[in-house]
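S.K.: I have a structure I would like to understand better, so I am pasting it below and will then ask my questions one at a time.
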Amino acid sequence: MAPTSEKSVGDDVVETAPTPAVGEKGEHKTMSDVIRNARLATEKEHKMTLWQGLRLYPKAIAWSVLISTCIVMEGYDVSLVNNFYAFPQFNQKYGVAITAADGSVTYQVPAAWQAGLSNGAVVGEIIGLVINGWVSERFGYRYTVIACLVLVAAFTAIFFTAQTVVHLQVAEILCGIPWGVFQTLTITYASEVCPVALRGYLTTYINFCWGVGQMIGIGVIMGNLWRTDEWAYRIPYALQWMWPVPLIIGIFFAPESPWWLVRKGKLEEAKRSLLRLTNLNQETGFDADETVAMMVHTSALEQKITKGASYLDCFKGVDRRRTEIVCMCWAIQNLSGNSFSNYSTYFLQQAGLSNDKAYAFAMGQYAINCAGVFGAWTLITLGIGRRTLYLYGLAALFTMLMILGFLGLAKDRNAASLATGSIMLVWALCYQLTVGTVCYSLVAEISTRRLQIKTVVLGRILYNIVGIICGVLTPYMLNPSAWDWGNYAGFFWAGSCFLCFIYTFFRVPEPTGRTFAELDLLFEQKVNARKFASTDVDVFAEHVEGDVMKNYQDQIAISNIKTVV
């Protein structure tokens with residue numbers, strides 16, 4: 001028989017080729033090959049050091065950083081809306097006049113509208129999150145992000161032309177939809193394009209993007225403080241147009257997540273994607289076929305544990321526990337006092353600081369947000385686990401919130417306001433070293449691959465719901481025309497933070513250093529959260545089947561037959 005030219009598994013020839021008759025012996029051989037390759041890839045991931053991961057996956061790091069940059073846009077806008085409340089020009093345009101006892105007139109956006117604007121984006125994000133659970137899994141991560149960037153560019157026009165506070169409200173809700181997609185898709189992509197050695201760094205980098213966006217936002221506001229016209233707040237809104245176009249161009253050329261391709265049965269494309277994400281590096285013995293086999297084995301194991309892939313399946317069996325932990329890890333970010341710190345400029349202004357000093361403290365806080373991420377990376381590199389960082393971080397945050405509350409008793413308000421600003425900077429550093437940064441790694445690792453997008457979406461939805469509640473309460477706590485608690489709000493958030501510490505101690509496990517398959521097995525065996533780090537599991541002792549594994553076997557068999565022929 002004449003030899004035929006060799007083609008890849010993904011070529012059209014495969015579709016017309018007759019289905020091979022693979023005997024029982026051949027099936028067992030193929031299955032053992034898959035298990036062997038998957039085991040080899042898993043062992044290599046466990047042995048891979050941080051430096052080896054950086055040398056092997058530099059392209060994956062670059063693509064992940066690019067897609068994560070979408071979060072900068074959301075951090076920028078959140079910084080604008082929350083800090084505009086202390087911006088005289090913004091208040092004069094969208095606020096109402098308040099006459100003081102001495103007859104002086106100032107302008108303030110009413111507490112109800114402050115809550116409405118801050119929560120408008122959150123409502124849109126919830127809508128976007130729900131949509132993302134279906135859209136990104138159906139069409140892939142790249143095309144979903146690109147479509148959302150186009151929407152951001154369109155909706156920014158409403159911000160720029162807004163004449164009333166109602167127009168701003170509409171813009172916040174509409175822009176919130178693509179931002180909701182970015183919140184979870186960036187985390188999922190980062191966790192799926194890198195090995196275990198890099199997972200904690202790339203997922204937590206997303207928090208750095210938040211800090212960069214917030215710092216740019218506050219810097220733009222400070223740069224326009226001197227202006228007395230409408231451009232003082234329209235220029236900051238217009239600058240949102242600088243992000244979408246370069247991001248769209250870059251992301252168009254990005255490789256798709258190999259895990260998503262494996263779940264879709266596109267194994268040849270998954271291999272090509274892996275090769276685009278890696279460099280040739282003999283030091284680690286990287287083999288794309290082995291890594292694809294590991295992904296296939298993990299997907300088959302998850303198919304065995306999790307029967308469906310709908311939102312409802314997130315609340316069934318062992319996945320219910322995983323969903324609960326992911327949801328609470330997100331919620332703890334707000335419940336530990338973060339929403340309180342989001343109003344830092346306004347809070348410090350009400351505590352007695354002048355506008356320029358309040359914004360200077362806020363700039364310092366956002367700079368610390370960025371630096372804190374690198375500090376968290378240092379702690380992770382030193383081998384400190386995610387659970388440990390969460391626990392000790394919450395304990396420290398509780399202590400500082402109590403100090404903030406007691407500063408409200410000081411009679412010297414000028415000294416107390418400066419002390420409050422200083423404590424808030426220390427609070428921000430501690431938060432970013434622990435809870436604020438580590439959360440992104442926890443939610444990416446604890447959720448199963450098969451349900452990851454939907455699990456993270458549900459967690460982020462709870463985060464936003466809690467954010468809405470906090471966003472309603474916080475302006476009333478701080479607004480002088482409402483409850484006017486001032487520093488005493490620290491006591492409220494200290495109590496909430498203490499409850500978060502109790503939950504973390506009993507329910508949040510330690511995922512550091514575990515492959516996705518190992519985490520699947522630990523949850524299936526219902527291992528206590530405090531024993532995750534010390535429990536040994538052998539994922540290859542489990543019998544796995546499923547459509548993904550069968551598809552993989554069939555494609556290998558077809559490839560072997562074509563090679564022989």
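Chain lettering (A, B, ...) mirrors the order of the structure tokens, residue numbering begins at 1 for each chain separately, and ligand numbering begins at 1 in order of display.
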Taking the backbone alone, and naming residues the way the document does, which bits of region 16-165 of chain A are strand (DSSP E) by DSSP, as a list in words?
M.R.: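 Taking region 16-165 of chain A and keeping strand (DSSP E) only, one gets Val96, Ala97, Ile98, Thr99, Val105, Thr106, Tyr107 and Gln108 of chain A.
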S.K.: So that I have them on file, write out the residues from the current selection with N, CA, C and O atoms, as a PDB file, in the first residue's frame.
M.R.:
ATOM      1  N   VAL A  96     -26.121  68.394  45.797  1.00  0.00           N
ATOM      2  CA  VAL A  96     -27.103  69.389  46.248  1.00  0.00           C
ATOM      3  C   VAL A  96     -26.424  70.311  47.253  1.00  0.00           C
ATOM      4  O   VAL A  96     -25.448  69.935  47.906  1.00  0.00           O
ATOM      5  N   ALA A  97     -26.951  71.533  47.377  1.00  0.00           N
ATOM      6  CA  ALA A  97     -26.356  72.526  48.281  1.00  0.00           C
ATOM      7  C   ALA A  97     -26.728  72.216  49.725  1.00  0.00           C
ATOM      8  O   ALA A  97     -27.862  71.841  50.035  1.00  0.00           O
ATOM      9  N   ILE A  98     -25.738  72.346  50.631  1.00  0.00           N
ATOM     10  CA  ILE A  98     -25.959  72.168  52.064  1.00  0.00           C
ATOM     11  C   ILE A  98     -25.482  73.445  52.761  1.00  0.00           C
ATOM     12  O   ILE A  98     -24.320  73.851  52.613  1.00  0.00           O
ATOM     13  N   THR A  99     -26.365  74.072  53.499  1.00  0.00           N
ATOM     14  CA  THR A  99     -26.026  75.321  54.201  1.00  0.00           C
ATOM     15  C   THR A  99     -25.653  75.009  55.637  1.00  0.00           C
ATOM     16  O   THR A  99     -26.441  74.411  56.387  1.00  0.00           O
ATOM     17  N   VAL A 105     -22.049  77.669  52.277  1.00  0.00           N
ATOM     18  CA  VAL A 105     -22.737  76.683  51.436  1.00  0.00           C
ATOM     19  C   VAL A 105     -21.709  75.732  50.823  1.00  0.00           C
ATOM     20  O   VAL A 105     -20.705  76.165  50.241  1.00  0.00           O
ATOM     21  N   THR A 106     -21.948  74.453  50.973  1.00  0.00           N
ATOM     22  CA  THR A 106     -21.119  73.420  50.324  1.00  0.00           C
ATOM     23  C   THR A 106     -22.042  72.493  49.527  1.00  0.00           C
ATOM     24  O   THR A 106     -23.267  72.513  49.716  1.00  0.00           O
ATOM     25  N   TYR A 107     -21.441  71.710  48.658  1.00  0.00           N
ATOM     26  CA  TYR A 107     -22.223  70.773  47.845  1.00  0.00           C
ATOM     27  C   TYR A 107     -21.829  69.336  48.177  1.00  0.00           C
ATOM     28  O   TYR A 107     -20.652  69.029  48.345  1.00  0.00           O
ATOM     29  N   GLN A 108     -22.852  68.480  48.264  1.00  0.00           N
ATOM     30  CA  GLN A 108     -22.635  67.064  48.551  1.00  0.00           C
ATOM     31  C   GLN A 108     -23.588  66.237  47.691  1.00  0.00           C
ATOM     32  O   GLN A 108     -24.757  66.592  47.541  1.00  0.00           O
TER      33      GLN A 108
END
S.K.: Would you mind listing what lies within 9 Å of Phe492 (chain A) as a PyMOL selection string, with only C-alpha atoms counted and same-chain residues fewer than 3 positions away left out?
M.R.: chain A and resi 337+401-402+405+488-489+495-497
S.K.: May I have the residues from that selection written out with N, CA and C atoms, as an mmCIF file, in the first residue's frame?
M.R.:
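Written out: result21.cif:
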data_model
loop_
_atom_site.group_PDB
_atom_site.id
_atom_site.type_symbol
_atom_site.label_atom_id
_atom_site.label_comp_id
_atom_site.auth_asym_id
_atom_site.auth_seq_id
_atom_site.Cartn_x
_atom_site.Cartn_y
_atom_site.Cartn_z
ATOM 1 N N GLY A 337 -13.693 44.709 56.008
ATOM 2 C CA GLY A 337 -13.528 46.159 56.103
ATOM 3 C C GLY A 337 -13.058 46.831 54.828
ATOM 4 N N LEU A 401 -8.747 47.693 62.972
ATOM 5 C CA LEU A 401 -10.093 48.275 62.928
ATOM 6 C C LEU A 401 -10.551 48.694 64.323
ATOM 7 N N MET A 402 -10.169 47.930 65.323
ATOM 8 C CA MET A 402 -10.480 48.313 66.706
ATOM 9 C C MET A 402 -9.763 49.607 67.078
ATOM 10 N N GLY A 405 -11.527 52.551 65.601
ATOM 11 C CA GLY A 405 -12.718 52.877 66.373
ATOM 12 C C GLY A 405 -12.390 53.682 67.618
ATOM 13 N N TYR A 488 -16.030 55.668 64.582
ATOM 14 C CA TYR A 488 -16.737 54.584 65.270
ATOM 15 C C TYR A 488 -17.179 53.478 64.318
ATOM 16 N N ALA A 489 -17.192 53.758 63.003
ATOM 17 C CA ALA A 489 -17.504 52.709 62.021
ATOM 18 C C ALA A 489 -16.477 51.584 62.096
ATOM 19 N N GLY A 495 -16.073 43.866 64.240
ATOM 20 C CA GLY A 495 -16.942 42.727 64.580
ATOM 21 C C GLY A 495 -17.140 41.814 63.389
ATOM 22 N N SER A 496 -17.365 42.401 62.223
ATOM 23 C CA SER A 496 -17.534 41.608 61.009
ATOM 24 C C SER A 496 -16.262 40.842 60.674
ATOM 25 N N CYS A 497 -15.112 41.483 60.835
ATOM 26 C CA CYS A 497 -13.819 40.861 60.551
ATOM 27 C C CYS A 497 -13.549 39.672 61.475
#
S.K.: A:Ala100, A:Leu149, A:Ile67, A:Leu168: which is nearest Leu117 (chain A), counting only C-alpha atoms?
M.R.: A:Leu168
S.K.: Considering only C-alpha atoms, give me a table of residues in region 440-477 of chain A that are at most 12 Å from region 244-262 of chain A, with the closest atom pair and distance in Å for each, as a tab-separated table.
M.R.:
residue	atom	partner	partner_atom	distance
A:Thr448	CA	A:Trp259	CA	11.7
A:Arg449	CA	A:Trp259	CA	7.9
A:Arg450	CA	A:Trp260	CA	9.1
A:Leu451	CA	A:Trp260	CA	11.2
A:Gln452	CA	A:Trp260	CA	10.6
A:Ile453	CA	A:Trp260	CA	10.5
S.K.: Write out as a PyMOL selection string the set of residues from region 99-265 of chain A that DSSP, computed on the backbone, places in alpha helix (DSSP H).
M.R.: chain A and resi 111-139+141-161+165-192+196-223+231-238+244-252+258-263
S.K.: I need the residue nearest Ile218 (chain A) from this list: A:Tyr311, A:Tyr76, A:Phe506, A:Tyr237. Use only C-alpha atoms for the distance.
M.R.: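 The answer is A:Tyr76, which sits nearest to Ile218 (chain A).
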S.K.: Near Asp289 (chain A), within 10 Å and counting only C-alpha atoms, which residues show up once chain neighbours fewer than 2 positions away are dropped, as an NGL selection string?
M.R.: :A and (34 or 37-38 or 41 or 267-268 or 270-271 or 274 or 286-287 or 291-295)
S.K.: With N, CA and C atoms kept, could you save the residues just selected as a compact mmCIF listing (two decimals), in the first residue's frame?
M.R.:
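Dumped everything to result17.txt:
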# COMPACT_ATOMS: atom_id res chain seq x y z
N VAL A 34 -2.08 6.80 28.72
CA VAL A 34 -2.63 8.07 29.21
C VAL A 34 -2.26 8.27 30.68
N ASN A 37 1.54 8.96 31.07
CA ASN A 37 1.89 10.32 30.66
C ASN A 37 1.38 11.36 31.65
N ALA A 38 0.15 11.14 32.13
CA ALA A 38 -0.43 12.07 33.10
C ALA A 38 0.38 12.07 34.39
N ALA A 41 3.66 13.97 33.85
CA ALA A 41 3.44 15.43 33.83
C ALA A 41 3.19 15.96 35.23
N LEU A 267 -8.22 18.36 21.30
CA LEU A 267 -6.95 18.01 21.92
C LEU A 267 -5.75 18.46 21.11
N GLU A 268 -5.86 18.40 19.78
CA GLU A 268 -4.75 18.87 18.95
C GLU A 268 -4.55 20.37 19.12
N ALA A 270 -5.37 22.02 21.81
CA ALA A 270 -4.84 22.20 23.17
C ALA A 270 -3.33 22.05 23.18
N LYS A 271 -2.83 21.07 22.41
CA LYS A 271 -1.37 20.87 22.33
C LYS A 271 -0.70 22.08 21.67
N LEU A 274 -0.55 24.90 24.12
CA LEU A 274 0.51 24.68 25.11
C LEU A 274 1.88 25.05 24.53
N PHE A 286 9.91 19.08 29.83
CA PHE A 286 8.52 19.35 29.46
C PHE A 286 8.14 18.60 28.19
N ASP A 287 6.94 18.00 28.20
CA ASP A 287 6.40 17.30 27.05
C ASP A 287 4.93 17.69 26.91
N THR A 291 1.47 16.71 29.19
CA THR A 291 0.65 17.72 29.87
C THR A 291 -0.80 17.64 29.41
N VAL A 292 -1.02 17.41 28.12
CA VAL A 292 -2.40 17.23 27.62
C VAL A 292 -3.01 15.98 28.26
N ALA A 293 -2.21 14.92 28.39
CA ALA A 293 -2.72 13.69 29.04
C ALA A 293 -3.13 13.97 30.48
N MET A 294 -2.35 14.81 31.19
CA MET A 294 -2.70 15.16 32.57
C MET A 294 -4.03 15.93 32.60
N MET A 295 -4.22 16.84 31.64
CA MET A 295 -5.46 17.60 31.56
C MET A 295 -6.64 16.67 31.27
S.K.: Env of region 133-148 of chain A: 6 Å cut, atoms = only C-alpha atoms, seq-sep filter 2 positions within chain, self excluded. Answer as a list in words.
M.R.: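 Once the nearby chain positions are removed, what remains is Val130, Ile131, Val150, Leu151, Pro178, Ile248, Ile453 and Lys454 of chain A.
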S.K.: Would you list the contacts of Ala529 (chain A) as a PyMOL selection string, taking every protein, DNA or RNA residue within 9 Å and counting only C-alpha atoms, but skipping same-chain residues closer than 3 positions in sequence?
M.R.: chain A and resi 505-510+526+532-533
S.K.: Kindly indicate which residue among A:Thr399, A:Ser79, A:Ser339, A:Thr164 lies nearest to Val212 (chain A), using only C-alpha atoms for the distances.
M.R.: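 The closest residue to Val212 (chain A) is A:Ser79.
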S.K.: How far is it from CA of Ala157 (chain A) to CA of Gly467 (chain A), in Å with one decimal?
M.R.: 25.8 Å
S.K.: For Ala376 (chain A), please output as a ChimeraX atom specification all residues within 9 Å (counting only C-alpha atoms; exclusion window: fewer than 6 positions along the same chain).
M.R.: /A:201,204,389,432-434,437-438
S.K.: Please write the residues from the selection above to a file, keeping N, CA and C atoms, as a PDB file, in the first residue's frame.
M.R.:
ATOM      1  N   TYR A 201       1.180  33.152  41.735  1.00  0.00           N
ATOM      2  CA  TYR A 201       1.679  34.470  41.346  1.00  0.00           C
ATOM      3  C   TYR A 201       0.794  35.115  40.272  1.00  0.00           C
ATOM      4  N   THR A 204      -2.756  36.040  41.650  1.00  0.00           N
ATOM      5  CA  THR A 204      -2.740  37.187  42.566  1.00  0.00           C
ATOM      6  C   THR A 204      -2.289  38.470  41.875  1.00  0.00           C
ATOM      7  N   LEU A 389      -1.902  32.754  55.505  1.00  0.00           N
ATOM      8  CA  LEU A 389      -1.926  34.184  55.219  1.00  0.00           C
ATOM      9  C   LEU A 389      -3.305  34.778  55.482  1.00  0.00           C
ATOM     10  N   GLN A 432      -3.433  43.947  51.689  1.00  0.00           N
ATOM     11  CA  GLN A 432      -2.888  43.523  50.405  1.00  0.00           C
ATOM     12  C   GLN A 432      -1.858  42.409  50.544  1.00  0.00           C
ATOM     13  N   LEU A 433      -1.168  42.350  51.670  1.00  0.00           N
ATOM     14  CA  LEU A 433      -0.225  41.255  51.910  1.00  0.00           C
ATOM     15  C   LEU A 433      -0.945  39.929  52.107  1.00  0.00           C
ATOM     16  N   THR A 434      -2.196  39.983  52.510  1.00  0.00           N
ATOM     17  CA  THR A 434      -2.905  38.753  52.890  1.00  0.00           C
ATOM     18  C   THR A 434      -4.234  38.599  52.142  1.00  0.00           C
ATOM     19  N   THR A 437      -4.930  39.954  48.357  1.00  0.00           N
ATOM     20  CA  THR A 437      -4.192  39.316  47.272  1.00  0.00           C
ATOM     21  C   THR A 437      -4.435  37.816  47.207  1.00  0.00           C
ATOM     22  N   VAL A 438      -4.362  37.153  48.346  1.00  0.00           N
ATOM     23  CA  VAL A 438      -4.426  35.691  48.384  1.00  0.00           C
ATOM     24  C   VAL A 438      -5.792  35.164  47.946  1.00  0.00           C
TER      25      VAL A 438
END
S.K.: Which of these, A:Tyr57, A:Trp243, A:Phe398, A:Phe87, has the shortest distance to Gly223 (chain A) once you count only C-alpha atoms?
M.R.: A:Phe87
